[in-house]
file entry-v1.pdb (PDB, C-alpha atoms and all ligand atoms)
ATOM      1  CA  MET G  84       0.000   0.000   0.000
ATOM      2  CA  GLU G  85       1.395   3.399  -1.016
ATOM      3  CA  LEU G  86       0.233   5.127   2.152
ATOM      4  CA  THR G  87       2.602   3.020   4.234
ATOM      5  CA  ASP G  88       5.498   3.166   1.756
ATOM      6  CA  TYR G  89       8.355   5.025   3.439
ATOM      7  CA  ASN G  90       9.614   6.797   0.286
ATOM      8  CA  PHE G  91       6.106   7.720  -0.831
ATOM      9  CA  ILE G  92       5.165   9.185   2.568
ATOM     10  CA  MET G  93       8.409  11.136   2.981
ATOM     11  CA  ALA G  94       8.089  12.647  -0.516
ATOM     12  CA  LEU G  95       4.402  13.478   0.090
ATOM     13  CA  LEU G  96       5.122  15.117   3.454
ATOM     14  CA  ALA G  97       8.149  17.018   2.104
ATOM     15  CA  ARG G  98       6.016  18.372  -0.740
ATOM     16  CA  HIS G  99       3.611  19.761   1.873
ATOM     17  CA  GLY G 100       6.437  21.136   4.044
ATOM     18  CA  PHE G 101       5.408  18.856   6.914
ATOM     19  CA  HIS G 102       7.662  17.970   9.865
ATOM     20  CA  PHE G 103       6.717  15.387  12.513
ATOM     21  CA  SER G 104       5.525  16.732  15.856
ATOM     22  CA  LYS G 105       6.476  14.690  18.898
ATOM     23  CA  ALA G 106       4.018  16.663  21.053
ATOM     24  CA  LYS G 107       1.170  15.444  18.816
ATOM     25  CA  GLY G 108       2.294  11.810  19.069
ATOM     26  CA  GLN G 109       3.029  11.582  15.343
ATOM     27  CA  ASN G 110       4.463   8.151  14.587
ATOM     28  CA  PHE G 111       3.124   7.099  11.192
ATOM     29  CA  LEU G 112       2.827   3.481  10.079
ATOM     30  CA  ILE G 113       5.216   2.317   7.352
ATOM     31  CA  ALA G 114       4.248  -1.400   7.312
ATOM     32  CA  SER G 115       1.187  -2.221   5.206
ATOM     33  CA  TRP G 116       0.212  -5.330   7.195
ATOM     34  CA  VAL G 117      -0.494  -3.235  10.295
ATOM     35  CA  PRO G 118      -3.381  -0.985   9.131
ATOM     36  CA  GLU G 119      -4.779  -3.920   7.104
ATOM     37  CA  ARG G 120      -4.855  -6.128  10.173
ATOM     38  CA  ILE G 121      -6.166  -3.422  12.538
ATOM     39  CA  ALA G 122      -9.016  -2.614  10.120
ATOM     40  CA  ALA G 123      -9.843  -6.319   9.678
ATOM     41  CA  GLU G 124      -9.798  -6.958  13.443
ATOM     42  CA  SER G 125     -12.130  -3.998  14.024
ATOM     43  CA  GLY G 126     -14.886  -6.045  12.362
ATOM     44  CA  ALA G 127     -16.203  -2.891  10.640
ATOM     45  CA  ASP G 128     -18.662  -3.558   7.812
ATOM     46  CA  GLU G 129     -21.129  -1.561   5.725
ATOM     47  CA  GLY G 130     -23.375  -1.197   8.779
ATOM     48  CA  THR G 131     -20.623   0.448  10.828
ATOM     49  CA  GLY G 132     -19.779   4.124  11.291
ATOM     50  CA  VAL G 133     -16.121   4.261  12.324
ATOM     51  CA  LEU G 134     -14.639   7.162  14.260
ATOM     52  CA  GLU G 135     -10.910   7.359  13.644
ATOM     53  CA  ILE G 136      -8.710   9.582  15.813
ATOM     54  CA  GLY G 137      -5.536  10.908  14.193
ATOM     55  CA  PRO G 138      -5.554   9.714  10.550
ATOM     56  CA  GLY G 139      -2.015  11.030   9.858
ATOM     57  CA  VAL G 140      -1.571  10.486   6.105
ATOM     58  CA  GLY G 141      -4.632   8.214   6.009
ATOM     59  CA  CYS G 142      -3.288   4.651   5.768
ATOM     60  CA  LEU G 143      -5.745   3.231   8.328
ATOM     61  CA  THR G 144      -8.498   5.563   7.060
ATOM     62  CA  ALA G 145      -8.210   4.027   3.565
ATOM     63  CA  GLU G 146      -8.311   0.465   4.955
ATOM     64  CA  LEU G 147     -11.365   1.281   7.075
ATOM     65  CA  ALA G 148     -13.088   2.938   4.106
ATOM     66  CA  LYS G 149     -12.907  -0.383   2.195
ATOM     67  CA  ARG G 150     -14.980  -2.061   4.894
ATOM     68  CA  ALA G 151     -17.109   0.484   6.792
ATOM     69  CA  GLY G 152     -20.297   2.301   5.804
ATOM     70  CA  LYS G 153     -18.723   5.577   6.896
ATOM     71  CA  VAL G 154     -15.387   6.744   8.323
ATOM     72  CA  LEU G 155     -15.154   9.989  10.269
ATOM     73  CA  ALA G 156     -11.544  10.936  10.991
ATOM     74  CA  LEU G 157     -10.570  13.674  13.456
ATOM     75  CA  GLU G 158      -7.113  15.143  12.921
ATOM     76  CA  ILE G 159      -5.760  17.872  15.231
ATOM     77  CA  ASP G 160      -2.924  18.938  12.929
ATOM     78  CA  GLY G 161      -4.149  21.413  10.296
ATOM     79  CA  ARG G 162      -0.959  20.855   8.272
ATOM     80  CA  LEU G 163      -2.240  17.342   7.470
ATOM     81  CA  MET G 164      -5.535  18.525   5.998
ATOM     82  CA  PRO G 165      -4.182  19.180   2.476
ATOM     83  CA  VAL G 166      -2.250  15.884   2.697
ATOM     84  CA  LEU G 167      -5.417  13.991   3.620
ATOM     85  CA  ALA G 168      -7.388  15.785   0.898
ATOM     86  CA  GLU G 169      -4.886  14.299  -1.553
ATOM     87  CA  THR G 170      -4.756  10.778  -0.088
ATOM     88  CA  VAL G 171      -8.340  10.046   1.028
ATOM     89  CA  GLY G 172     -10.288  13.088  -0.244
ATOM     90  CA  ALA G 173     -11.765  11.141  -3.162
ATOM     91  CA  LEU G 174     -13.194   8.385  -0.959
ATOM     92  CA  GLU G 175     -16.945   8.983  -0.792
ATOM     93  CA  ASN G 176     -17.519   7.375   2.600
ATOM     94  CA  VAL G 177     -14.739   9.332   4.354
ATOM     95  CA  THR G 178     -15.056  12.671   6.147
ATOM     96  CA  VAL G 179     -11.997  14.292   7.698
ATOM     97  CA  LEU G 180     -12.392  17.078  10.264
ATOM     98  CA  ASN G 181      -9.589  19.271  11.594
ATOM     99  CA  ARG G 182     -10.530  18.707  15.254
ATOM    100  CA  ASP G 183      -8.980  17.910  18.630
ATOM    101  CA  VAL G 184     -10.693  14.741  19.850
ATOM    102  CA  MET G 185     -10.484  16.024  23.417
ATOM    103  CA  ASP G 186     -12.714  19.003  22.492
ATOM    104  CA  ALA G 187     -15.105  16.948  20.373
ATOM    105  CA  ASP G 188     -18.586  15.911  21.501
ATOM    106  CA  PRO G 189     -18.887  12.223  20.544
ATOM    107  CA  ALA G 190     -22.702  12.220  20.802
ATOM    108  CA  ALA G 191     -22.998  15.163  18.393
ATOM    109  CA  LEU G 192     -20.529  13.571  15.952
ATOM    110  CA  VAL G 193     -22.351  10.241  16.028
ATOM    111  CA  SER G 194     -25.791  11.769  15.457
ATOM    112  CA  GLU G 195     -24.491  14.043  12.707
ATOM    113  CA  HIS G 196     -22.360  11.516  10.794
ATOM    114  CA  PHE G 197     -23.493   7.978  11.653
ATOM    115  CA  ALA G 198     -27.281   7.999  11.125
ATOM    116  CA  GLY G 199     -28.483   4.399  10.768
ATOM    117  CA  LEU G 200     -24.988   2.978  11.449
ATOM    118  CA  SER G 201     -23.518   1.225  14.512
ATOM    119  CA  PRO G 202     -20.811   3.495  15.924
ATOM    120  CA  ALA G 203     -17.336   2.048  16.518
ATOM    121  CA  VAL G 204     -13.848   3.428  17.062
ATOM    122  CA  CYS G 205     -10.699   2.320  15.267
ATOM    123  CA  ALA G 206      -7.398   4.200  15.527
ATOM    124  CA  ASN G 207      -3.670   4.253  15.948
ATOM    125  CA  LEU G 208      -3.912   6.569  18.944
ATOM    126  CA  PRO G 209      -1.488   9.405  19.677
ATOM    127  CA  TYR G 210       0.410   8.061  22.690
ATOM    128  CA  ASN G 211       0.351  11.274  24.689
ATOM    129  CA  ILE G 212      -3.444  11.146  25.155
ATOM    130  CA  THR G 213      -4.127   7.391  25.275
ATOM    131  CA  THR G 214      -5.700   7.281  28.722
ATOM    132  CA  PRO G 215      -7.834  10.470  28.547
ATOM    133  CA  VAL G 216      -9.105   9.651  25.054
ATOM    134  CA  LEU G 217     -10.020   6.068  25.953
ATOM    135  CA  THR G 218     -11.715   7.334  29.122
ATOM    136  CA  LYS G 219     -13.736   9.819  27.088
ATOM    137  CA  LEU G 220     -14.766   7.262  24.436
ATOM    138  CA  ILE G 221     -15.735   4.638  27.015
ATOM    139  CA  ALA G 222     -17.603   7.110  29.236
ATOM    140  CA  SER G 223     -19.672   8.249  26.223
ATOM    141  CA  GLY G 224     -21.231   4.759  26.122
ATOM    142  CA  LEU G 225     -21.735   5.176  22.360
ATOM    143  CA  PHE G 226     -19.315   2.735  20.759
ATOM    144  CA  GLY G 227     -19.954  -0.989  20.339
ATOM    145  CA  THR G 228     -16.279  -1.731  19.750
ATOM    146  CA  ILE G 229     -13.068   0.241  20.226
ATOM    147  CA  THR G 230     -10.087  -1.214  18.358
ATOM    148  CA  VAL G 231      -6.934   0.785  18.999
ATOM    149  CA  MET G 232      -3.176   0.643  18.890
ATOM    150  CA  ILE G 233      -1.600   1.952  22.096
ATOM    151  CA  GLN G 234       1.681   1.490  23.990
ATOM    152  CA  ARG G 235       2.157  -2.136  25.042
ATOM    153  CA  GLU G 236       2.541  -1.070  28.660
ATOM    154  CA  VAL G 237      -0.893   0.610  28.669
ATOM    155  CA  ALA G 238      -2.415  -2.334  26.743
ATOM    156  CA  ARG G 239      -1.185  -4.668  29.485
ATOM    157  CA  ARG G 240      -2.743  -2.450  32.142
ATOM    158  CA  VAL G 241      -6.060  -2.400  30.268
ATOM    159  CA  CYS G 242      -6.143  -6.194  29.971
ATOM    160  CA  ALA G 243      -4.682  -7.116  33.410
ATOM    161  CA  GLY G 244      -6.496  -9.178  36.050
ATOM    162  CA  PRO G 245      -6.222  -9.232  39.858
ATOM    163  CA  ASN G 246      -2.954 -10.207  41.555
ATOM    164  CA  THR G 247      -0.753  -8.837  38.780
ATOM    165  CA  ALA G 248       1.528  -5.782  38.837
ATOM    166  CA  ASP G 249      -0.386  -4.295  35.854
ATOM    167  CA  TYR G 250      -3.806  -4.486  37.552
ATOM    168  CA  GLY G 251      -5.123  -1.060  38.522
ATOM    169  CA  ALA G 252      -7.907   1.517  38.521
ATOM    170  CA  PHE G 253      -7.770   2.267  34.774
ATOM    171  CA  GLY G 254      -7.968  -1.412  33.770
ATOM    172  CA  ILE G 255     -10.917  -1.891  36.123
ATOM    173  CA  PHE G 256     -12.669   1.128  34.589
ATOM    174  CA  VAL G 257     -12.279  -0.325  31.078
ATOM    175  CA  ASP G 258     -13.208  -3.871  32.129
ATOM    176  CA  PHE G 259     -16.282  -2.581  33.947
ATOM    177  CA  TYR G 260     -17.868  -1.500  30.654
ATOM    178  CA  TYR G 261     -16.034  -3.513  27.957
ATOM    179  CA  HIS G 262     -14.684  -7.021  27.340
ATOM    180  CA  THR G 263     -10.974  -6.561  26.643
ATOM    181  CA  GLU G 264      -8.720  -8.453  24.188
ATOM    182  CA  LEU G 265      -4.998  -7.997  23.627
ATOM    183  CA  LEU G 266      -4.697  -8.805  19.899
ATOM    184  CA  PHE G 267      -1.096  -8.410  18.711
ATOM    185  CA  ASP G 268       2.125  -6.444  19.153
ATOM    186  CA  VAL G 269       3.633  -4.029  16.634
ATOM    187  CA  PRO G 270       7.399  -3.409  16.830
ATOM    188  CA  PRO G 271       8.942   0.109  16.666
ATOM    189  CA  ASP G 272      10.376  -0.465  13.167
ATOM    190  CA  CYS G 273       6.845  -0.390  11.716
ATOM    191  CA  PHE G 274       6.705   3.395  12.348
ATOM    192  CA  GLU G 275       8.359   6.599  11.148
ATOM    193  CA  PRO G 276       9.713   8.110  13.300
ATOM    194  CA  ARG G 277      10.398   5.018  15.427
ATOM    195  CA  PRO G 278       8.867   5.146  18.892
ATOM    196  CA  LYS G 279      11.001   3.942  21.821
ATOM    197  CA  VAL G 280       8.476   1.309  22.881
ATOM    198  CA  THR G 281       6.547  -1.602  21.410
ATOM    199  CA  SER G 282       2.879  -1.020  20.617
ATOM    200  CA  SER G 283      -0.081  -3.355  20.981
ATOM    201  CA  VAL G 284      -3.488  -3.497  19.373
ATOM    202  CA  ILE G 285      -6.394  -4.070  21.724
ATOM    203  CA  LYS G 286     -10.078  -4.595  21.015
ATOM    204  CA  LEU G 287     -12.764  -3.545  23.474
ATOM    205  CA  THR G 288     -16.291  -4.883  23.002
ATOM    206  CA  ARG G 289     -19.031  -3.195  25.004
ATOM    207  CA  ARG G 290     -20.659  -5.405  27.630
ATOM    208  CA  GLU G 291     -24.439  -5.783  27.452
ATOM    209  CA  ARG G 292     -24.484  -4.428  30.966
ATOM    210  CA  PRO G 293     -21.627  -3.304  33.256
ATOM    211  CA  ALA G 294     -19.552  -6.064  34.878
ATOM    212  CA  ALA G 295     -21.219  -5.526  38.273
ATOM    213  CA  GLU G 296     -24.418  -4.022  39.616
ATOM    214  CA  THR G 297     -23.265  -1.299  41.961
ATOM    215  CA  ASP G 298     -23.319   2.414  42.798
ATOM    216  CA  GLU G 299     -20.872   3.291  40.000
ATOM    217  CA  LYS G 300     -19.742   6.639  41.443
ATOM    218  CA  LEU G 301     -18.902   5.123  44.829
ATOM    219  CA  PHE G 302     -17.434   1.978  43.186
ATOM    220  CA  PHE G 303     -14.849   4.042  41.299
ATOM    221  CA  GLN G 304     -14.086   6.127  44.407
ATOM    222  CA  VAL G 305     -13.356   2.874  46.264
ATOM    223  CA  VAL G 306     -11.222   1.503  43.405
ATOM    224  CA  ARG G 307      -9.235   4.729  43.039
ATOM    225  CA  ALA G 308      -8.649   4.942  46.799
ATOM    226  CA  ALA G 309      -7.512   1.294  46.878
ATOM    227  CA  PHE G 310      -4.945   1.797  44.097
ATOM    228  CA  ASN G 311      -3.829   5.322  45.062
ATOM    229  CA  GLN G 312      -1.779   3.679  47.755
ATOM    230  CA  ARG G 313      -1.446   0.175  46.378
ATOM    231  CA  ARG G 314       1.344  -0.870  48.757
ATOM    232  CA  LYS G 315      -0.878  -0.237  51.754
ATOM    233  CA  THR G 316      -3.435  -2.685  53.094
ATOM    234  CA  LEU G 317      -6.936  -2.011  51.771
ATOM    235  CA  VAL G 318      -8.130  -0.764  55.156
ATOM    236  CA  ASN G 319      -5.353   1.836  55.337
ATOM    237  CA  ALA G 320      -5.734   2.907  51.698
ATOM    238  CA  LEU G 321      -9.507   3.356  52.118
ATOM    239  CA  SER G 322      -9.048   5.180  55.455
ATOM    240  CA  SER G 323      -6.977   7.802  53.635
ATOM    241  CA  GLY G 324      -9.291   7.919  50.629
ATOM    242  CA  PHE G 325     -12.453   8.215  52.716
ATOM    243  CA  SER G 326     -11.036  10.303  55.588
ATOM    244  CA  GLY G 327     -13.734  12.514  57.070
ATOM    245  CA  ARG G 328     -16.444  10.230  55.609
ATOM    246  CA  LEU G 329     -15.758   6.858  57.242
ATOM    247  CA  GLU G 330     -13.855   5.766  60.366
ATOM    248  CA  LYS G 331     -11.087   3.221  59.955
ATOM    249  CA  ALA G 332     -12.944   0.826  62.282
ATOM    250  CA  GLN G 333     -16.075   1.040  60.086
ATOM    251  CA  ILE G 334     -14.015   0.267  56.989
ATOM    252  CA  ALA G 335     -12.367  -2.662  58.761
ATOM    253  CA  ARG G 336     -15.790  -4.062  59.676
ATOM    254  CA  CYS G 337     -16.990  -3.754  56.073
ATOM    255  CA  ILE G 338     -13.886  -5.557  54.810
ATOM    256  CA  ALA G 339     -14.440  -8.346  57.349
ATOM    257  CA  ALA G 340     -18.179  -8.524  56.536
ATOM    258  CA  CYS G 341     -17.277  -9.146  52.882
ATOM    259  CA  GLY G 342     -15.136 -12.104  53.950
ATOM    260  CA  PHE G 343     -11.731 -10.542  53.208
ATOM    261  CA  SER G 344      -8.750 -10.773  55.556
ATOM    262  CA  GLU G 345      -7.862  -7.666  57.533
ATOM    263  CA  THR G 346      -4.509  -7.458  55.722
ATOM    264  CA  VAL G 347      -6.011  -7.795  52.224
ATOM    265  CA  ARG G 348      -4.681  -5.446  49.538
ATOM    266  CA  GLY G 349      -6.825  -3.882  46.823
ATOM    267  CA  GLU G 350      -4.858  -5.456  44.011
ATOM    268  CA  THR G 351      -6.196  -8.920  44.923
ATOM    269  CA  LEU G 352      -9.880  -7.977  44.550
ATOM    270  CA  SER G 353     -11.915  -8.687  41.399
ATOM    271  CA  ILE G 354     -14.513  -6.236  40.052
ATOM    272  CA  GLN G 355     -17.283  -8.268  41.711
ATOM    273  CA  GLU G 356     -15.441  -8.178  45.047
ATOM    274  CA  PHE G 357     -14.927  -4.415  44.794
ATOM    275  CA  ALA G 358     -18.654  -4.105  44.052
ATOM    276  CA  ARG G 359     -19.495  -6.187  47.151
ATOM    277  CA  LEU G 360     -17.263  -3.934  49.257
ATOM    278  CA  THR G 361     -18.836  -0.834  47.677
ATOM    279  CA  GLY G 362     -22.260  -2.090  48.783
ATOM    280  CA  ALA G 363     -21.059  -2.577  52.381
ATOM    281  CA  LEU G 364     -19.347   0.834  52.506
ATOM    282  CA  GLY G 365     -22.374   2.525  50.898
ATOM    283  CA  ARG G 366     -24.643   1.244  53.677
ATOM    284  CA  LYS G 367     -22.319   2.870  56.262
ATOM    285  CA  LEU G 368     -22.199   6.144  54.315
ATOM    286  CA  ARG G 369     -25.960   6.549  54.217
TER
HETATM  287  N1  LIG N 401      -3.198   6.965  11.731
HETATM  288  C1  LIG N 401      -1.851   7.343  11.334
HETATM  289  C2  LIG N 401      -0.986   6.107  11.189
HETATM  290  O1  LIG N 401      -1.364   5.078  11.758
HETATM  291  O2  LIG N 401       0.042   6.175  10.534
HETATM  292  C3  LIG N 401      -1.205   8.323  12.328
HETATM  293  C4  LIG N 401      -1.161   7.866  13.764
HETATM  294  S1  LIG N 401      -0.198   8.920  14.793
HETATM  295  C5  LIG N 401       0.263   7.733  16.056
HETATM  296  C6  LIG N 401      -1.375   9.873  15.713
HETATM  297  C7  LIG N 401      -2.151  10.937  14.933
HETATM  298  O3  LIG N 401      -3.050  11.597  15.833
HETATM  299  C8  LIG N 401      -1.319  12.049  14.316
HETATM  300  O4  LIG N 401      -1.755  12.268  12.989
HETATM  301  C9  LIG N 401      -1.608  13.288  15.186
HETATM  302  O5  LIG N 401      -1.474  14.511  14.509
HETATM  303  C10 LIG N 401      -3.034  12.997  15.610
HETATM  304  N2  LIG N 401      -3.450  13.627  16.883
HETATM  305  C11 LIG N 401      -2.693  13.894  17.970
HETATM  306  N3  LIG N 401      -3.415  14.423  18.954
HETATM  307  C12 LIG N 401      -4.717  14.492  18.483
HETATM  308  C13 LIG N 401      -5.926  14.974  19.033
HETATM  309  N4  LIG N 401      -5.985  15.460  20.266
HETATM  310  N5  LIG N 401      -7.045  14.905  18.275
HETATM  311  C14 LIG N 401      -6.997  14.400  16.995
HETATM  312  N6  LIG N 401      -5.864  13.944  16.427
HETATM  313  C15 LIG N 401      -4.731  13.981  17.159
END
call {"tool": "encode", "arguments": {"input": "entry-v1.pdb", "output": "structure tokens", "more": "lines below"}}
Ligand code: SAM
result
Amino acid sequence: MELTDYNFIMALLARHGFHFSKAKGQNFLIASWVPERIAAESGADEGTGVLEIGPGVGCLTAELAKRAGKVLALEIDGRLMPVLAETVGALENVTVLNRDVMDADPAALVSEHFAGLSPAVCANLPYNITTPVLTKLIASGLFGTITVMIQREVARRVCAGPNTADYGAFGIFVDFYYHTELLFDVPPDCFEPRPKVTSSVIKLTRRERPAAETDEKLFFQVVRAAFNQRRKTLVNALSSGFSGRLEKAQIARCIAACGFSETVRGETLSIQEFARLTGALGRKLR
């Protein structure tokens, strides 16, 4: 594919006077198998409206356009707009907007661009905003699947389970709303410029209902408090997190009532166990 050919891209970008911006997380793919495989794994078809974040020169955009009903690509860097007009401008089912995804309103974009289509996300995400952008997309509740390339380290955190060093509040947030799959790794030499770290492609598939029935606001307060001080026992971590709201002795009784040892640490608890604890703590808070 031309749009991943190193010489083609460098000549195209030079013609437009473009220089890579590290601050914008610009590492463009130069291996054709990668966008082909990401687009295929996304499962997009003619019934899908795909939101792409950061099209770059449009290699993934073009692959998605072959499969999806519609592709809406948001690109923050205005210098890439004339480049994208040249590379994907003729594709009828592609719209490119010069927009910062962090300022965009996903609900407005979906209703304006994806009428009658199932919304999904597929992107090679800029690494500097991986966590906030995933948080925003997940919290919107709009997307059936989110297939993205991110740093391997973050991918591991997203897909980690209890009792592992990678398990934490962000992974629990994702897992609460989406089934998570770690699909494949992409080495640094597939990009220009080369990033320092390996990347991974993950696929998130929205759960029919959240992983546990619970007071979601309190649940995430409990989870964040537990992992804010992950070396501490759960009772000590929650005492700090809920200071002024709950006494340490009350927290200890809740932990015991849920059947956990008094020295238990948050990183050993599953989502369902955190939900059980949230219920017990919520009854004390009332
Ligand atoms: N999709 C291309 C590829 O795979 O070769 C480029 C991926 S590159 C890792 C990330 C892209 O996201 C860049 O084009 C960058 O300009 C764009 N970008 C960075 N921050 C953004 C933001 N906040 N909103 C939209 N696009 C952004």
call {"tool": "residues_near_ligand", "arguments": {"input": "entry-v1.pdb", "ligand": "ligand LIG 401 (chain N)", "cutoff": "8 Å", "atoms": "only C-alpha atoms and all ligand atoms", "output": "PyMOL selection string"}}
result
chain G and resi 87+104+106-113+118+135-144+157-160+163+181-186+206-212+274
call {"tool": "closest_residue", "arguments": {"input": "entry-v1.pdb", "among": "G:Ser115, G:Gly254, G:Val171, G:Glu275", "to": "Phe103 (chain G)", "atoms": "all atoms listed in the file"}}
result
G:Glu275
call {"tool": "atom_distance", "arguments": {"input": "entry-v1.pdb", "atom1": "CA of Glu129 (chain G)", "atom2": "CA of Val166 (chain G)"}}
result
25.9 Å
call {"tool": "resolve_selection", "arguments": {"input": "entry-v1.pdb", "expression": "the PyMOL selection byres (((chain G and resi 301) around 10) and not hetatm)", "output": "PyMOL selection string"}}
result
chain G and resi 297-300+302-307+358+361-362+364-365
call {"tool": "residues_around", "arguments": {"input": "entry-v1.pdb", "residues": "Val280 (chain G)", "least_positions_apart": "4", "cutoff": "10 Å", "atoms": "only C-alpha atoms", "output": "list of chain:residue names"}}
result
G:Gln234, G:Arg235, G:Glu236, G:Val269, G:Pro270, G:Pro271
call {"tool": "closest_residue", "arguments": {"input": "entry-v1.pdb", "among": "G:Ala168, G:Leu225, G:Val257, G:Ala340", "to": "Val204 (chain G)", "atoms": "only C-alpha atoms"}}
result
G:Leu225
call {"tool": "closest_residue", "arguments": {"input": "entry-v1.pdb", "among": "G:Val193, G:Leu155, G:Ile354, G:Ala332", "to": "Tyr250 (chain G)", "atoms": "all atoms listed in the file"}}
result
G:Ile354
call {"tool": "closest_residue", "arguments": {"input": "entry-v1.pdb", "among": "G:Thr170, G:Thr218, G:Thr346, G:Ser283", "to": "Phe91 (chain G)", "atoms": "only C-alpha atoms"}}
result
G:Thr170
call {"tool": "resolve_selection", "arguments": {"input": "entry-v1.pdb", "expression": "the PyMOL selection byres (((chain G and resi 265) around 9) and not hetatm)", "output": "number ranges by chain"}}
result
G: 238-239, 241-242, 263-264, 266-268, 283-287
call {"tool": "decode", "arguments": {"input": "entry-v1.pdb", "residues": "region 219-225 of chain G", "atoms": "all heavy atoms", "output": "compact mmCIF listing (two decimals), in the first residue's frame"}}
result
# COMPACT_ATOMS: atom_id res chain seq x y z
N LYS G 219 -12.65 9.04 27.69
CA LYS G 219 -13.74 9.82 27.09
C LYS G 219 -14.63 8.94 26.19
O LYS G 219 -15.85 9.00 26.26
CB LYS G 219 -13.12 10.96 26.28
CG LYS G 219 -14.12 11.83 25.57
CD LYS G 219 -13.46 13.04 24.94
CE LYS G 219 -14.55 13.86 24.26
NZ LYS G 219 -14.18 15.25 24.06
N LEU G 220 -14.00 8.10 25.37
CA LEU G 220 -14.77 7.26 24.44
C LEU G 220 -15.60 6.23 25.18
O LEU G 220 -16.76 5.99 24.85
CB LEU G 220 -13.80 6.55 23.47
CG LEU G 220 -13.01 7.47 22.54
CD1 LEU G 220 -11.91 6.68 21.82
CD2 LEU G 220 -13.93 8.15 21.53
N ILE G 221 -15.01 5.64 26.23
CA ILE G 221 -15.74 4.64 27.02
C ILE G 221 -16.88 5.30 27.78
O ILE G 221 -18.01 4.81 27.78
CB ILE G 221 -14.76 3.91 27.96
CG1 ILE G 221 -13.83 3.01 27.14
CG2 ILE G 221 -15.53 3.09 29.02
CD1 ILE G 221 -12.64 2.47 27.91
N ALA G 222 -16.58 6.43 28.42
CA ALA G 222 -17.60 7.11 29.24
C ALA G 222 -18.79 7.56 28.39
O ALA G 222 -19.91 7.65 28.88
CB ALA G 222 -16.99 8.30 29.96
N SER G 223 -18.57 7.80 27.08
CA SER G 223 -19.67 8.25 26.22
C SER G 223 -20.72 7.14 26.07
O SER G 223 -21.88 7.42 25.77
CB SER G 223 -19.15 8.66 24.84
OG SER G 223 -18.90 7.51 24.03
N GLY G 224 -20.31 5.89 26.23
CA GLY G 224 -21.23 4.76 26.12
C GLY G 224 -21.76 4.53 24.71
O GLY G 224 -22.70 3.77 24.49
N LEU G 225 -21.17 5.17 23.71
CA LEU G 225 -21.74 5.18 22.36
C LEU G 225 -21.21 4.07 21.46
O LEU G 225 -21.84 3.72 20.47
CB LEU G 225 -21.40 6.51 21.67
CG LEU G 225 -22.09 7.76 22.20
CD1 LEU G 225 -21.38 9.01 21.68
CD2 LEU G 225 -23.55 7.76 21.78
